[in-house]
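Each remark here refers to the structure printed beneath this line.
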Amino acid sequence: MRIVHLVSLASFASSILVTTGASAQSAAESSSPTAAPAIPATRVESGKQFPAVGGHLGFALPIATFGRNSTVIGKDFVTAGLTPGLTVHLDEKWAIDFEFIAFNELKNGPARTTFVVDPGILRKFDGFVLGARVATQVGAPTNAGIVPIFVLPLKISEKLVYFFEADIPLFLRDNGRKAEGTATFLFQSGFGF
């Protein structure tokens, strides 16, 4: 008797799914005990589905660093960085960005390439983006940073933007005796997709 009730209930549920626009294949998959639950994609007014994966590629140019020994571009250094990143758009407004920066010193003779890992979270507003990153310089003495960012994107197409970005990396670095704080003004520019 219980089997007849379960079969009737399953038949009723599948007829509801079919009448609401679900395909028979989807109904069969959702009733299968071995089918993995699907991660729901969110569709918003623009017609895009989220989460969505994108990225960016650009260059970075430190302008000045302020701390115990302040330095300025041109006089003290000329450094350029390559800034690739992978972006996970959670919805129309929020994204998580996994950025990496490889810096090369162009003025002071042969120097090691500096590599910074700085993932962060971004919030899109009308005409600009604000965000914050956490950062560390790989291979350097103990260090940690937080980076507030301001991005001005210029739309080229539906899937491509050119951006200008102002960052202020705030770092604490171990100098062997104590932690020293620095603040840098950094300019970035490049393409986001």
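So you can find residues: chains in the structure tokens are A, B, ... in the order shown, residues in each start at 1, and ligands are numbered from 1 in order.
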
task: Just the residues within 7 Å of segment 122-127 of chain A, please, counting only C-alpha atoms, with nothing from its chain fewer than 6 positions along; format it as an MDAnalysis selection string.
output: chainID A and resid 93:96 152

Write a file of the selected residues as a short mmCIF file (atom, residue, chain, number, x, y, z; two decimals), in the first residue's frame, keeping N, CA and C atoms.
data_model
loop_
_atom_site.label_atom_id
_atom_site.label_comp_id
_atom_site.auth_asym_id
_atom_site.auth_seq_id
_atom_site.Cartn_x
_atom_site.Cartn_y
_atom_site.Cartn_z
N LYS A 93 26.86 43.68 -8.42
CA LYS A 93 27.57 44.67 -7.60
C LYS A 93 28.85 44.14 -6.95
N TRP A 94 28.88 42.90 -6.55
CA TRP A 94 29.98 42.37 -5.74
C TRP A 94 30.83 41.38 -6.52
N ALA A 95 32.16 41.42 -6.24
CA ALA A 95 33.09 40.48 -6.87
C ALA A 95 34.25 40.20 -5.92
N ILE A 96 34.82 39.03 -6.09
CA ILE A 96 36.06 38.66 -5.40
C ILE A 96 37.14 38.62 -6.46
N LEU A 152 38.14 53.30 -11.81
CA LEU A 152 37.29 54.02 -12.75
C LEU A 152 37.27 53.21 -14.05
#

Atom-to-atom span, atom CA of Ile149 of chain A and atom CA of Arg133 of chain A, Å: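 Computed distance, atom CA of Ile149 of chain A to atom CA of Arg133 of chain A, equals 7.8 Å.
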
- request: Excluding Val53 of chain A and residues on its chain fewer than 6 positions from it, collect all residues at most 9 Å away from it, counting only C-alpha atoms, and give them as a PyMOL selection string.
  value: chain A and resi 86-90+193

query: Leaving out Glu180 of chain A and any residue of its chain fewer than 5 positions from it, which residues lie within 9 Å of it when counting only C-alpha atoms, given as a ChimeraX atom specification?
result: /A:67-68,171-175

Those same residues, written as an mmCIF file, in the first residue's frame with C-alpha atoms?
data_model
loop_
_atom_site.group_PDB
_atom_site.id
_atom_site.type_symbol
_atom_site.label_atom_id
_atom_site.label_comp_id
_atom_site.auth_asym_id
_atom_site.auth_seq_id
_atom_site.Cartn_x
_atom_site.Cartn_y
_atom_site.Cartn_z
ATOM 1 C CA GLY A 67 57.526 55.773 5.815
ATOM 2 C CA ARG A 68 60.786 56.071 7.744
ATOM 3 C CA PHE A 171 52.145 47.606 4.784
ATOM 4 C CA LEU A 172 53.770 46.498 8.021
ATOM 5 C CA ARG A 173 57.240 45.046 7.360
ATOM 6 C CA ASP A 174 59.703 43.380 9.713
ATOM 7 C CA ASN A 175 63.016 45.277 9.647
#
